[in-house]
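Visitor: I'd like to ask you about the structure that follows.
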Amino acid sequence: MNSPMKTIIEPFRIKSVEPLRMTTREERCEILARAHYNLFRVRAEDVLIDLLTDSGTGAMSSEQWAGIMRGDESYAHARSWYRFRDRVQALTGFEHIIPTHQGRAAERILFSCLGVEGKTVASNNLFDTTRANVEYLGGRGVDLPIPESLIPSRELPFKGNMDLEALEALLAGDADVACVILTVTNNSGGGQPVSMANIAGASQLCRNHGVPFYLDACRFAENAYFIKLREEGFADRAVESIAHEIFSHADGATFSAKKDGLANIGGFLAANDDHLAAQEQELLILSEGFPTYGGLAGRDLEAIAVGLVEVVQEDYLEYRLASTCYLGEGLERAGLPIVRPPGAHAIYIDAGAFLPHIPNVQFPAQSLCCAFYEEGGVRGVEIGTLMFGESAKLELLRLAIPRRVYTQSHIDYVVEVGGQVAKRGCDLRGFRLAKAPKVLRHFSAELEPLG
Ligand code: F0G
């Protein structure tokens, strides 16, 4: 921070390397056809730069690896549990911390215990597993993003915000609202941050109506850093203190440690309500594990405890935002429209705008996704009609950046691939769905190219 130099460097050096396997364009075309044009079906060793997700794909620090060796694998009340619990409590201020094997387990336990059957769960944007968990339990998920979030080119500091007027109308209406869960940062909404004012506003409305207010806090540190940079009154505050304030507005949170936990697995559910937490722990024992490990090994708890210290360090966050922005601006220069402004964990290419000749039912974002793989072995993920069906509002290709994994030359390479893809623009064709399951179809669907 505050360095007089212009270059923002990776604030780490590399101690252990993992070789990448090069492939030719011909090989990749064959691999893609064999995978039925679904990148979730492609083997990781056939991918050169894997931007499928930033979840569980980060590199751990030497301190985290030291934590792995320190891991106490005792079944009950291991030392590692106390290190994990103490760090999560200090960061979030929540009373009850319930470890889970990842974020969606926390979601399932929360929604089961809140009882969402026949009720509504509202959000700025529910993540796909979050919505699926609500619906599986007989509830209804409602997204209330601010209207500007649906215009990819619109430049706004907190485009991940929830539409508070729409929330007020929902809460005052006839819908039986089980809870509101705000996603920070807003992943399905283009990786955009939520302002502290919006978090506080949503919290206040929920309080007025006696509705529990939760955070889906997977990327809380990136969100807190955006607040520091963009919201008035936060510039001089430490990220840790901003994060603490974010959590202070909520009754509890779900968390996937695979993102801002800087770990490869893990998560937690947090709550202040004693009665609810007791119920949650009962369900935890049934399906995840004893309350002091909840589906995780002691070493995982250690890695997360350390990760939650490293993730709020500002030189790390400065580099994180700068490197993602570097990819976004490079792709724009290469001729690809992106969701503006660039977020922290991913760049979302606006496939709808770039491929207007491919109708949504023919999956334009999937077409772009396949082109990135064919051209350079880069794997991204479609966030559009293939993922969400006809309710998809935008056609996006997300290139998510694993934490502390790729260097600037890897990103330069992705930009160059983007340039090749941009040149193919109007030659790209859509797809037809050949085979797909009913739930979360994008993970396993088979596609056939058209034309
Ligand atoms: N909430 C958000 C906002 C997420 O982005 C994710 C996962 C989850 C919840 C679920 O957490 O995977 O630990 O069960 N997102 C990943 C992604 C998978 O690629 O965006 P999990």
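Please note that chains go A, B, ... in the order of the structure tokens, that every chain numbers its residues from 1, and that ligands are numbered from 1 in the order shown.
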Got a sec to check which residues lie within 9 Å of ligand 1, using only C-alpha atoms and all ligand atoms, and send them as a PDB file with all heavy atoms, in the first residue's frame?
Guide:
```pdb
ATOM      1  N   LEU A  52     -12.510 -21.699 -14.585  1.00  0.00           N
ATOM      2  CA  LEU A  52     -13.868 -22.205 -14.359  1.00  0.00           C
ATOM      3  C   LEU A  52     -14.446 -21.615 -13.080  1.00  0.00           C
ATOM      4  O   LEU A  52     -15.608 -21.256 -13.017  1.00  0.00           O
ATOM      5  CB  LEU A  52     -13.823 -23.734 -14.249  1.00  0.00           C
ATOM      6  CG  LEU A  52     -15.160 -24.453 -14.109  1.00  0.00           C
ATOM      7  CD1 LEU A  52     -15.985 -24.335 -15.381  1.00  0.00           C
ATOM      8  CD2 LEU A  52     -14.945 -25.928 -13.772  1.00  0.00           C
ATOM      9  N   THR A  53     -13.620 -21.552 -12.056  1.00  0.00           N
ATOM     10  CA  THR A  53     -14.101 -21.017 -10.780  1.00  0.00           C
ATOM     11  C   THR A  53     -12.938 -20.507  -9.926  1.00  0.00           C
ATOM     12  O   THR A  53     -11.791 -20.940 -10.097  1.00  0.00           O
ATOM     13  CB  THR A  53     -14.882 -22.092  -9.995  1.00  0.00           C
ATOM     14  OG1 THR A  53     -15.297 -21.536  -8.742  1.00  0.00           O
ATOM     15  CG2 THR A  53     -14.074 -23.343  -9.743  1.00  0.00           C
ATOM     16  N   ASP A  54     -13.274 -19.615  -9.013  1.00  0.00           N
ATOM     17  CA  ASP A  54     -12.308 -19.156  -8.006  1.00  0.00           C
ATOM     18  C   ASP A  54     -12.549 -19.908  -6.701  1.00  0.00           C
ATOM     19  O   ASP A  54     -12.055 -19.508  -5.661  1.00  0.00           O
ATOM     20  CB  ASP A  54     -12.485 -17.653  -7.767  1.00  0.00           C
ATOM     21  CG  ASP A  54     -13.854 -17.341  -7.166  1.00  0.00           C
ATOM     22  OD1 ASP A  54     -14.854 -17.954  -7.593  1.00  0.00           O
ATOM     23  OD2 ASP A  54     -13.946 -16.498  -6.251  1.00  0.00           O
ATOM     24  N   SER A  55     -13.326 -20.981  -6.764  1.00  0.00           N
ATOM     25  CA  SER A  55     -13.766 -21.668  -5.552  1.00  0.00           C
ATOM     26  C   SER A  55     -12.930 -22.908  -5.261  1.00  0.00           C
ATOM     27  O   SER A  55     -12.993 -23.888  -6.018  1.00  0.00           O
ATOM     28  CB  SER A  55     -15.231 -22.060  -5.714  1.00  0.00           C
ATOM     29  OG  SER A  55     -15.678 -22.754  -4.590  1.00  0.00           O
ATOM     30  N   GLY A  56     -12.148 -22.867  -4.212  1.00  0.00           N
ATOM     31  CA  GLY A  56     -11.337 -24.025  -3.823  1.00  0.00           C
ATOM     32  C   GLY A  56     -10.121 -24.215  -4.708  1.00  0.00           C
ATOM     33  O   GLY A  56      -9.412 -25.210  -4.591  1.00  0.00           O
ATOM     34  N   HIS A 101     -18.649 -28.610   5.492  1.00  0.00           N
ATOM     35  CA  HIS A 101     -17.626 -28.997   4.515  1.00  0.00           C
ATOM     36  C   HIS A 101     -17.529 -28.007   3.366  1.00  0.00           C
ATOM     37  O   HIS A 101     -16.502 -27.889   2.723  1.00  0.00           O
ATOM     38  CB  HIS A 101     -17.841 -30.430   4.009  1.00  0.00           C
ATOM     39  CG  HIS A 101     -18.894 -30.557   2.958  1.00  0.00           C
ATOM     40  ND1 HIS A 101     -20.233 -30.670   3.244  1.00  0.00           N
ATOM     41  CD2 HIS A 101     -18.805 -30.564   1.611  1.00  0.00           C
ATOM     42  CE1 HIS A 101     -20.913 -30.738   2.115  1.00  0.00           C
ATOM     43  NE2 HIS A 101     -20.085 -30.672   1.107  1.00  0.00           N
ATOM     44  N   GLN A 102     -18.601 -27.280   3.060  1.00  0.00           N
ATOM     45  CA  GLN A 102     -18.510 -26.135   2.141  1.00  0.00           C
ATOM     46  C   GLN A 102     -19.762 -25.283   2.270  1.00  0.00           C
ATOM     47  O   GLN A 102     -20.616 -25.546   3.115  1.00  0.00           O
ATOM     48  CB  GLN A 102     -18.210 -26.558   0.700  1.00  0.00           C
ATOM     49  CG  GLN A 102     -19.195 -27.471   0.026  1.00  0.00           C
ATOM     50  CD  GLN A 102     -18.681 -27.877  -1.370  1.00  0.00           C
ATOM     51  OE1 GLN A 102     -17.945 -28.828  -1.493  1.00  0.00           O
ATOM     52  NE2 GLN A 102     -19.082 -27.147  -2.404  1.00  0.00           N
ATOM     53  N   GLY A 103     -19.864 -24.250   1.430  1.00  0.00           N
ATOM     54  CA  GLY A 103     -20.946 -23.280   1.590  1.00  0.00           C
ATOM     55  C   GLY A 103     -22.334 -23.870   1.477  1.00  0.00           C
ATOM     56  O   GLY A 103     -23.229 -23.563   2.279  1.00  0.00           O
ATOM     57  N   ARG A 104     -22.541 -24.737   0.512  1.00  0.00           N
ATOM     58  CA  ARG A 104     -23.901 -25.226   0.277  1.00  0.00           C
ATOM     59  C   ARG A 104     -24.424 -26.080   1.412  1.00  0.00           C
ATOM     60  O   ARG A 104     -25.638 -26.191   1.607  1.00  0.00           O
ATOM     61  CB  ARG A 104     -23.987 -25.927  -1.086  1.00  0.00           C
ATOM     62  CG  ARG A 104     -23.197 -27.185  -1.210  1.00  0.00           C
ATOM     63  CD  ARG A 104     -22.990 -27.547  -2.665  1.00  0.00           C
ATOM     64  NE  ARG A 104     -22.065 -26.617  -3.324  1.00  0.00           N
ATOM     65  CZ  ARG A 104     -21.706 -26.700  -4.596  1.00  0.00           C
ATOM     66  NH1 ARG A 104     -22.208 -27.647  -5.366  1.00  0.00           N
ATOM     67  NH2 ARG A 104     -20.853 -25.847  -5.117  1.00  0.00           N
ATOM     68  N   ALA A 105     -23.530 -26.696   2.188  1.00  0.00           N
ATOM     69  CA  ALA A 105     -23.966 -27.464   3.366  1.00  0.00           C
ATOM     70  C   ALA A 105     -24.516 -26.497   4.413  1.00  0.00           C
ATOM     71  O   ALA A 105     -25.526 -26.774   5.064  1.00  0.00           O
ATOM     72  CB  ALA A 105     -22.802 -28.266   3.929  1.00  0.00           C
ATOM     73  N   ALA A 106     -23.861 -25.352   4.544  1.00  0.00           N
ATOM     74  CA  ALA A 106     -24.346 -24.320   5.472  1.00  0.00           C
ATOM     75  C   ALA A 106     -25.721 -23.830   5.021  1.00  0.00           C
ATOM     76  O   ALA A 106     -26.632 -23.628   5.837  1.00  0.00           O
ATOM     77  CB  ALA A 106     -23.351 -23.164   5.528  1.00  0.00           C
ATOM     78  N   GLU A 107     -25.887 -23.679   3.701  1.00  0.00           N
ATOM     79  CA  GLU A 107     -27.176 -23.210   3.164  1.00  0.00           C
ATOM     80  C   GLU A 107     -28.278 -24.222   3.470  1.00  0.00           C
ATOM     81  O   GLU A 107     -29.370 -23.865   3.913  1.00  0.00           O
ATOM     82  CB  GLU A 107     -27.075 -23.044   1.636  1.00  0.00           C
ATOM     83  CG  GLU A 107     -26.153 -21.913   1.204  1.00  0.00           C
ATOM     84  CD  GLU A 107     -25.678 -22.066  -0.247  1.00  0.00           C
ATOM     85  OE1 GLU A 107     -26.228 -22.900  -0.992  1.00  0.00           O
ATOM     86  OE2 GLU A 107     -24.735 -21.345  -0.621  1.00  0.00           O
ATOM     87  N   ASN A 125     -29.046 -11.354  -5.370  1.00  0.00           N
ATOM     88  CA  ASN A 125     -29.015 -12.448  -6.350  1.00  0.00           C
ATOM     89  C   ASN A 125     -28.628 -13.714  -5.609  1.00  0.00           C
ATOM     90  O   ASN A 125     -27.545 -13.770  -5.017  1.00  0.00           O
ATOM     91  CB  ASN A 125     -27.983 -12.204  -7.454  1.00  0.00           C
ATOM     92  CG  ASN A 125     -28.489 -11.337  -8.581  1.00  0.00           C
ATOM     93  OD1 ASN A 125     -28.114 -10.191  -8.705  1.00  0.00           O
ATOM     94  ND2 ASN A 125     -29.376 -11.868  -9.399  1.00  0.00           N
ATOM     95  N   LEU A 126     -29.483 -14.714  -5.653  1.00  0.00           N
ATOM     96  CA  LEU A 126     -29.138 -15.997  -5.034  1.00  0.00           C
ATOM     97  C   LEU A 126     -28.151 -16.715  -5.937  1.00  0.00           C
ATOM     98  O   LEU A 126     -28.318 -16.732  -7.158  1.00  0.00           O
ATOM     99  CB  LEU A 126     -30.390 -16.869  -4.887  1.00  0.00           C
ATOM    100  CG  LEU A 126     -31.425 -16.401  -3.867  1.00  0.00           C
ATOM    101  CD1 LEU A 126     -32.766 -17.075  -4.129  1.00  0.00           C
ATOM    102  CD2 LEU A 126     -30.954 -16.687  -2.445  1.00  0.00           C
ATOM    103  N   PHE A 127     -27.125 -17.310  -5.342  1.00  0.00           N
ATOM    104  CA  PHE A 127     -26.227 -18.164  -6.118  1.00  0.00           C
ATOM    105  C   PHE A 127     -27.004 -19.424  -6.518  1.00  0.00           C
ATOM    106  O   PHE A 127     -27.993 -19.769  -5.891  1.00  0.00           O
ATOM    107  CB  PHE A 127     -24.982 -18.502  -5.298  1.00  0.00           C
ATOM    108  CG  PHE A 127     -24.004 -19.343  -6.059  1.00  0.00           C
ATOM    109  CD1 PHE A 127     -23.372 -18.841  -7.181  1.00  0.00           C
ATOM    110  CD2 PHE A 127     -23.749 -20.656  -5.692  1.00  0.00           C
ATOM    111  CE1 PHE A 127     -22.495 -19.624  -7.912  1.00  0.00           C
ATOM    112  CE2 PHE A 127     -22.861 -21.445  -6.409  1.00  0.00           C
ATOM    113  CZ  PHE A 127     -22.236 -20.930  -7.528  1.00  0.00           C
ATOM    114  N   ASP A 128     -26.547 -20.129  -7.562  1.00  0.00           N
ATOM    115  CA  ASP A 128     -27.367 -21.256  -8.076  1.00  0.00           C
ATOM    116  C   ASP A 128     -27.598 -22.360  -7.049  1.00  0.00           C
ATOM    117  O   ASP A 128     -28.704 -22.869  -6.932  1.00  0.00           O
ATOM    118  CB  ASP A 128     -26.831 -21.801  -9.419  1.00  0.00           C
ATOM    119  CG  ASP A 128     -25.378 -22.243  -9.385  1.00  0.00           C
ATOM    120  OD1 ASP A 128     -24.750 -22.104  -8.339  1.00  0.00           O
ATOM    121  OD2 ASP A 128     -24.879 -22.729 -10.421  1.00  0.00           O
ATOM    122  N   THR A 129     -26.563 -22.705  -6.232  1.00  0.00           N
ATOM    123  CA  THR A 129     -26.787 -23.762  -5.228  1.00  0.00           C
ATOM    124  C   THR A 129     -27.702 -23.257  -4.104  1.00  0.00           C
ATOM    125  O   THR A 129     -28.451 -24.028  -3.510  1.00  0.00           O
ATOM    126  CB  THR A 129     -25.466 -24.236  -4.575  1.00  0.00           C
ATOM    127  OG1 THR A 129     -24.831 -23.149  -3.912  1.00  0.00           O
ATOM    128  CG2 THR A 129     -24.528 -24.847  -5.594  1.00  0.00           C
ATOM    129  N   THR A 130     -27.624 -21.960  -3.828  1.00  0.00           N
ATOM    130  CA  THR A 130     -28.459 -21.384  -2.769  1.00  0.00           C
ATOM    131  C   THR A 130     -29.929 -21.458  -3.188  1.00  0.00           C
ATOM    132  O   THR A 130     -30.785 -21.917  -2.430  1.00  0.00           O
ATOM    133  CB  THR A 130     -28.047 -19.914  -2.512  1.00  0.00           C
ATOM    134  OG1 THR A 130     -26.627 -19.808  -2.614  1.00  0.00           O
ATOM    135  CG2 THR A 130     -28.489 -19.453  -1.153  1.00  0.00           C
ATOM    136  N   THR A 183     -26.008 -11.468  -0.905  1.00  0.00           N
ATOM    137  CA  THR A 183     -24.764 -12.087  -1.365  1.00  0.00           C
ATOM    138  C   THR A 183     -23.697 -11.011  -1.548  1.00  0.00           C
ATOM    139  O   THR A 183     -23.859 -10.104  -2.364  1.00  0.00           O
ATOM    140  CB  THR A 183     -25.010 -12.811  -2.711  1.00  0.00           C
ATOM    141  OG1 THR A 183     -26.162 -13.641  -2.578  1.00  0.00           O
ATOM    142  CG2 THR A 183     -23.828 -13.666  -3.096  1.00  0.00           C
ATOM    143  N   VAL A 184     -22.620 -11.105  -0.764  1.00  0.00           N
ATOM    144  CA  VAL A 184     -21.506 -10.135  -0.877  1.00  0.00           C
ATOM    145  C   VAL A 184     -20.202 -10.892  -1.183  1.00  0.00           C
ATOM    146  O   VAL A 184     -19.838 -11.770  -0.461  1.00  0.00           O
ATOM    147  CB  VAL A 184     -21.340  -9.304   0.413  1.00  0.00           C
ATOM    148  CG1 VAL A 184     -22.538  -8.420   0.669  1.00  0.00           C
ATOM    149  CG2 VAL A 184     -21.110 -10.167   1.635  1.00  0.00           C
ATOM    150  N   THR A 185     -19.537 -10.576  -2.308  1.00  0.00           N
ATOM    151  CA  THR A 185     -20.030  -9.785  -3.419  1.00  0.00           C
ATOM    152  C   THR A 185     -21.065 -10.582  -4.217  1.00  0.00           C
ATOM    153  O   THR A 185     -21.163 -11.789  -4.063  1.00  0.00           O
ATOM    154  CB  THR A 185     -18.894  -9.407  -4.399  1.00  0.00           C
ATOM    155  OG1 THR A 185     -18.341 -10.621  -4.955  1.00  0.00           O
ATOM    156  CG2 THR A 185     -17.767  -8.685  -3.731  1.00  0.00           C
ATOM    157  N   ASN A 186     -21.763  -9.873  -5.071  1.00  0.00           N
ATOM    158  CA  ASN A 186     -22.882 -10.461  -5.800  1.00  0.00           C
ATOM    159  C   ASN A 186     -22.356 -11.244  -7.015  1.00  0.00           C
ATOM    160  O   ASN A 186     -22.165 -10.694  -8.093  1.00  0.00           O
ATOM    161  CB  ASN A 186     -23.785  -9.306  -6.224  1.00  0.00           C
ATOM    162  CG  ASN A 186     -25.078  -9.776  -6.841  1.00  0.00           C
ATOM    163  OD1 ASN A 186     -25.187 -10.910  -7.289  1.00  0.00           O
ATOM    164  ND2 ASN A 186     -26.058  -8.898  -6.878  1.00  0.00           N
ATOM    165  N   ASN A 187     -22.160 -12.534  -6.823  1.00  0.00           N
ATOM    166  CA  ASN A 187     -21.522 -13.385  -7.832  1.00  0.00           C
ATOM    167  C   ASN A 187     -22.372 -13.504  -9.096  1.00  0.00           C
ATOM    168  O   ASN A 187     -21.920 -13.167 -10.193  1.00  0.00           O
ATOM    169  CB  ASN A 187     -21.249 -14.759  -7.216  1.00  0.00           C
ATOM    170  CG  ASN A 187     -20.529 -15.714  -8.137  1.00  0.00           C
ATOM    171  OD1 ASN A 187     -19.952 -15.307  -9.137  1.00  0.00           O
ATOM    172  ND2 ASN A 187     -20.557 -16.984  -7.807  1.00  0.00           N
ATOM    173  N   SER A 188     -23.634 -13.951  -8.937  1.00  0.00           N
ATOM    174  CA  SER A 188     -24.486 -14.133 -10.124  1.00  0.00           C
ATOM    175  C   SER A 188     -24.774 -12.801 -10.804  1.00  0.00           C
ATOM    176  O   SER A 188     -25.135 -12.767 -11.969  1.00  0.00           O
ATOM    177  CB  SER A 188     -25.795 -14.813  -9.741  1.00  0.00           C
ATOM    178  OG  SER A 188     -25.524 -15.987  -9.023  1.00  0.00           O
ATOM    179  N   GLY A 191     -20.328 -10.282 -10.185  1.00  0.00           N
ATOM    180  CA  GLY A 191     -19.199 -10.120  -9.259  1.00  0.00           C
ATOM    181  C   GLY A 191     -19.109  -8.724  -8.675  1.00  0.00           C
ATOM    182  O   GLY A 191     -18.030  -8.257  -8.320  1.00  0.00           O
ATOM    183  N   ASP A 216     -24.661 -14.086   2.618  1.00  0.00           N
ATOM    184  CA  ASP A 216     -23.890 -15.131   1.948  1.00  0.00           C
ATOM    185  C   ASP A 216     -22.530 -14.459   1.738  1.00  0.00           C
ATOM    186  O   ASP A 216     -22.348 -13.652   0.828  1.00  0.00           O
ATOM    187  CB  ASP A 216     -24.554 -15.506   0.622  1.00  0.00           C
ATOM    188  CG  ASP A 216     -23.714 -16.495  -0.186  1.00  0.00           C
ATOM    189  OD1 ASP A 216     -22.505 -16.628   0.097  1.00  0.00           O
ATOM    190  OD2 ASP A 216     -24.252 -17.096  -1.122  1.00  0.00           O
ATOM    191  N   ALA A 217     -21.598 -14.779   2.641  1.00  0.00           N
ATOM    192  CA  ALA A 217     -20.401 -13.936   2.790  1.00  0.00           C
ATOM    193  C   ALA A 217     -19.147 -14.500   2.130  1.00  0.00           C
ATOM    194  O   ALA A 217     -18.027 -14.090   2.458  1.00  0.00           O
ATOM    195  CB  ALA A 217     -20.145 -13.713   4.277  1.00  0.00           C
ATOM    196  N   CYS A 218     -19.322 -15.401   1.148  1.00  0.00           N
ATOM    197  CA  CYS A 218     -18.175 -16.060   0.488  1.00  0.00           C
ATOM    198  C   CYS A 218     -17.030 -15.111   0.137  1.00  0.00           C
ATOM    199  O   CYS A 218     -15.876 -15.457   0.263  1.00  0.00           O
ATOM    200  CB  CYS A 218     -18.596 -16.653  -0.856  1.00  0.00           C
ATOM    201  SG  CYS A 218     -19.805 -17.915  -0.746  1.00  0.00           S
ATOM    202  N   ARG A 219     -17.367 -13.921  -0.355  1.00  0.00           N
ATOM    203  CA  ARG A 219     -16.325 -12.999  -0.841  1.00  0.00           C
ATOM    204  C   ARG A 219     -16.382 -11.688  -0.051  1.00  0.00           C
ATOM    205  O   ARG A 219     -16.314 -10.596  -0.607  1.00  0.00           O
ATOM    206  CB  ARG A 219     -16.495 -12.784  -2.355  1.00  0.00           C
ATOM    207  CG  ARG A 219     -16.374 -14.102  -3.147  1.00  0.00           C
ATOM    208  CD  ARG A 219     -16.555 -13.957  -4.638  1.00  0.00           C
ATOM    209  NE  ARG A 219     -16.438 -15.225  -5.331  1.00  0.00           N
ATOM    210  CZ  ARG A 219     -17.425 -16.113  -5.510  1.00  0.00           C
ATOM    211  NH1 ARG A 219     -18.644 -15.850  -5.045  1.00  0.00           N
ATOM    212  NH2 ARG A 219     -17.207 -17.250  -6.149  1.00  0.00           N
ATOM    213  N   THR A 254     -23.851 -17.490   5.949  1.00  0.00           N
ATOM    214  CA  THR A 254     -23.320 -18.729   5.390  1.00  0.00           C
ATOM    215  C   THR A 254     -22.003 -18.344   4.723  1.00  0.00           C
ATOM    216  O   THR A 254     -21.842 -17.219   4.239  1.00  0.00           O
ATOM    217  CB  THR A 254     -24.262 -19.345   4.331  1.00  0.00           C
ATOM    218  OG1 THR A 254     -24.471 -18.397   3.281  1.00  0.00           O
ATOM    219  CG2 THR A 254     -25.610 -19.713   4.935  1.00  0.00           C
ATOM    220  N   PHE A 255     -21.062 -19.284   4.714  1.00  0.00           N
ATOM    221  CA  PHE A 255     -19.742 -18.937   4.202  1.00  0.00           C
ATOM    222  C   PHE A 255     -19.097 -20.152   3.562  1.00  0.00           C
ATOM    223  O   PHE A 255     -19.054 -21.226   4.150  1.00  0.00           O
ATOM    224  CB  PHE A 255     -18.857 -18.437   5.354  1.00  0.00           C
ATOM    225  CG  PHE A 255     -17.475 -18.001   4.925  1.00  0.00           C
ATOM    226  CD1 PHE A 255     -17.286 -16.825   4.222  1.00  0.00           C
ATOM    227  CD2 PHE A 255     -16.361 -18.776   5.224  1.00  0.00           C
ATOM    228  CE1 PHE A 255     -16.018 -16.418   3.824  1.00  0.00           C
ATOM    229  CE2 PHE A 255     -15.089 -18.376   4.827  1.00  0.00           C
ATOM    230  CZ  PHE A 255     -14.915 -17.183   4.124  1.00  0.00           C
ATOM    231  N   SER A 256     -18.598 -19.957   2.358  1.00  0.00           N
ATOM    232  CA  SER A 256     -17.784 -20.974   1.701  1.00  0.00           C
ATOM    233  C   SER A 256     -16.333 -20.546   1.828  1.00  0.00           C
ATOM    234  O   SER A 256     -15.928 -19.542   1.239  1.00  0.00           O
ATOM    235  CB  SER A 256     -18.170 -21.077   0.223  1.00  0.00           C
ATOM    236  OG  SER A 256     -17.174 -21.804  -0.474  1.00  0.00           O
ATOM    237  N   ALA A 257     -15.547 -21.309   2.586  1.00  0.00           N
ATOM    238  CA  ALA A 257     -14.135 -20.954   2.804  1.00  0.00           C
ATOM    239  C   ALA A 257     -13.293 -21.189   1.562  1.00  0.00           C
ATOM    240  O   ALA A 257     -12.098 -20.900   1.540  1.00  0.00           O
ATOM    241  CB  ALA A 257     -13.586 -21.755   3.980  1.00  0.00           C
ATOM    242  N   LYS A 258     -13.935 -21.717   0.496  1.00  0.00           N
ATOM    243  CA  LYS A 258     -13.220 -21.982  -0.753  1.00  0.00           C
ATOM    244  C   LYS A 258     -12.956 -20.694  -1.541  1.00  0.00           C
ATOM    245  O   LYS A 258     -12.274 -20.717  -2.551  1.00  0.00           O
ATOM    246  CB  LYS A 258     -14.038 -22.966  -1.595  1.00  0.00           C
ATOM    247  CG  LYS A 258     -14.266 -24.285  -0.864  1.00  0.00           C
ATOM    248  CD  LYS A 258     -15.233 -25.193  -1.601  1.00  0.00           C
ATOM    249  CE  LYS A 258     -14.580 -25.826  -2.809  1.00  0.00           C
ATOM    250  NZ  LYS A 258     -15.484 -26.836  -3.429  1.00  0.00           N
ATOM    251  N   LYS A 259     -13.544 -19.600  -1.085  1.00  0.00           N
ATOM    252  CA  LYS A 259     -13.297 -18.318  -1.760  1.00  0.00           C
ATOM    253  C   LYS A 259     -12.403 -17.473  -0.839  1.00  0.00           C
ATOM    254  O   LYS A 259     -11.202 -17.681  -0.801  1.00  0.00           O
ATOM    255  CB  LYS A 259     -14.621 -17.608  -2.072  1.00  0.00           C
ATOM    256  CG  LYS A 259     -15.411 -18.265  -3.208  1.00  0.00           C
ATOM    257  CD  LYS A 259     -16.350 -19.290  -2.720  1.00  0.00           C
ATOM    258  CE  LYS A 259     -17.252 -19.841  -3.796  1.00  0.00           C
ATOM    259  NZ  LYS A 259     -17.935 -21.058  -3.334  1.00  0.00           N
ATOM    260  N   ILE A 265     -11.086 -26.281   0.714  1.00  0.00           N
ATOM    261  CA  ILE A 265     -12.382 -26.847   1.106  1.00  0.00           C
ATOM    262  C   ILE A 265     -12.798 -26.207   2.426  1.00  0.00           C
ATOM    263  O   ILE A 265     -11.948 -25.698   3.153  1.00  0.00           O
ATOM    264  CB  ILE A 265     -12.291 -28.404   1.220  1.00  0.00           C
ATOM    265  CG1 ILE A 265     -13.671 -29.066   1.236  1.00  0.00           C
ATOM    266  CG2 ILE A 265     -11.489 -28.821   2.442  1.00  0.00           C
ATOM    267  CD1 ILE A 265     -14.410 -29.059  -0.073  1.00  0.00           C
ATOM    268  N   GLY A 266     -14.087 -26.248   2.714  1.00  0.00           N
ATOM    269  CA  GLY A 266     -14.557 -25.776   4.016  1.00  0.00           C
ATOM    270  C   GLY A 266     -15.595 -24.686   3.943  1.00  0.00           C
ATOM    271  O   GLY A 266     -15.867 -24.118   2.869  1.00  0.00           O
ATOM    272  N   GLY A 267     -16.182 -24.405   5.090  1.00  0.00           N
ATOM    273  CA  GLY A 267     -17.179 -23.355   5.179  1.00  0.00           C
ATOM    274  C   GLY A 267     -17.720 -23.280   6.589  1.00  0.00           C
ATOM    275  O   GLY A 267     -17.250 -24.004   7.481  1.00  0.00           O
ATOM    276  N   VAL A 381     -16.844 -20.300 -17.502  1.00  0.00           N
ATOM    277  CA  VAL A 381     -18.158 -20.918 -17.274  1.00  0.00           C
ATOM    278  C   VAL A 381     -19.266 -20.014 -17.800  1.00  0.00           C
ATOM    279  O   VAL A 381     -19.228 -18.799 -17.629  1.00  0.00           O
ATOM    280  CB  VAL A 381     -18.378 -21.253 -15.776  1.00  0.00           C
ATOM    281  CG1 VAL A 381     -18.486 -20.015 -14.912  1.00  0.00           C
ATOM    282  CG2 VAL A 381     -19.622 -22.125 -15.586  1.00  0.00           C
ATOM    283  N   ALA A 400     -13.295 -16.708 -14.001  1.00  0.00           N
ATOM    284  CA  ALA A 400     -13.022 -16.506 -12.570  1.00  0.00           C
ATOM    285  C   ALA A 400     -11.537 -16.737 -12.318  1.00  0.00           C
ATOM    286  O   ALA A 400     -10.930 -17.631 -12.911  1.00  0.00           O
ATOM    287  CB  ALA A 400     -13.854 -17.454 -11.731  1.00  0.00           C
TER     288      ALA A 400
END
```
Visitor: Residues at most 9 Å from Met22 (chain A), counting only C-alpha atoms, excluding those fewer than 6 positions away in the same chain, as a ChimeraX atom specification?
Guide: /A:46-48,377
Visitor: When you look at His77 (chain A) with a cut-off of 12 Å (counting only C-alpha atoms), what residues show up, excluding the ones that are within fewer than 2 positions of it in the same chain? I need them as a list in words.
Guide: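 Residues meeting the cut-off are Asp72, Glu73, Ser74, Tyr75, Arg79, Ser80, Trp81, Tyr82, Arg83, Phe84, Arg85, Phe290, Pro291, Thr292, Tyr293, Gly294 and Gly298 of chain A.
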Visitor: In terms of the shortest atom-to-atom distance over only C-alpha atoms, which of A:Leu308, A:Ala344, A:Ile14, A:Met387 is closest to Tyr225 (chain A)?
Guide: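 The answer is A:Ala344, which sits nearest to Tyr225 (chain A).
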Visitor: In Å, with one decimal, what is the gap from CA of Tyr373 (chain A) to CA of Arg28 (chain A)?
Guide: 7.2 Å
Visitor: Enumerate, as a ChimeraX atom specification, the complete set of residues in region 350-433 of chain A that a backbone-based DSSP assignment places in helix (DSSP H, G or I).
Guide: /A:351-354,360-362,364-376,385-391,408-427
Visitor: Residues of region 224-349 of chain A classed as strand (DSSP E or B) by DSSP on the backbone are to be reported as a ChimeraX atom specification.
Guide: /A:252-256,267-271,338,346-349
Visitor: Report, in Å with one decimal, the straight-line distance from CA of Leu150 (chain A) to CA of Ala434 (chain A).
Guide: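 Spanning CA of Leu150 (chain A) to CA of Ala434 (chain A) is a straight-line distance of 29.3 Å.
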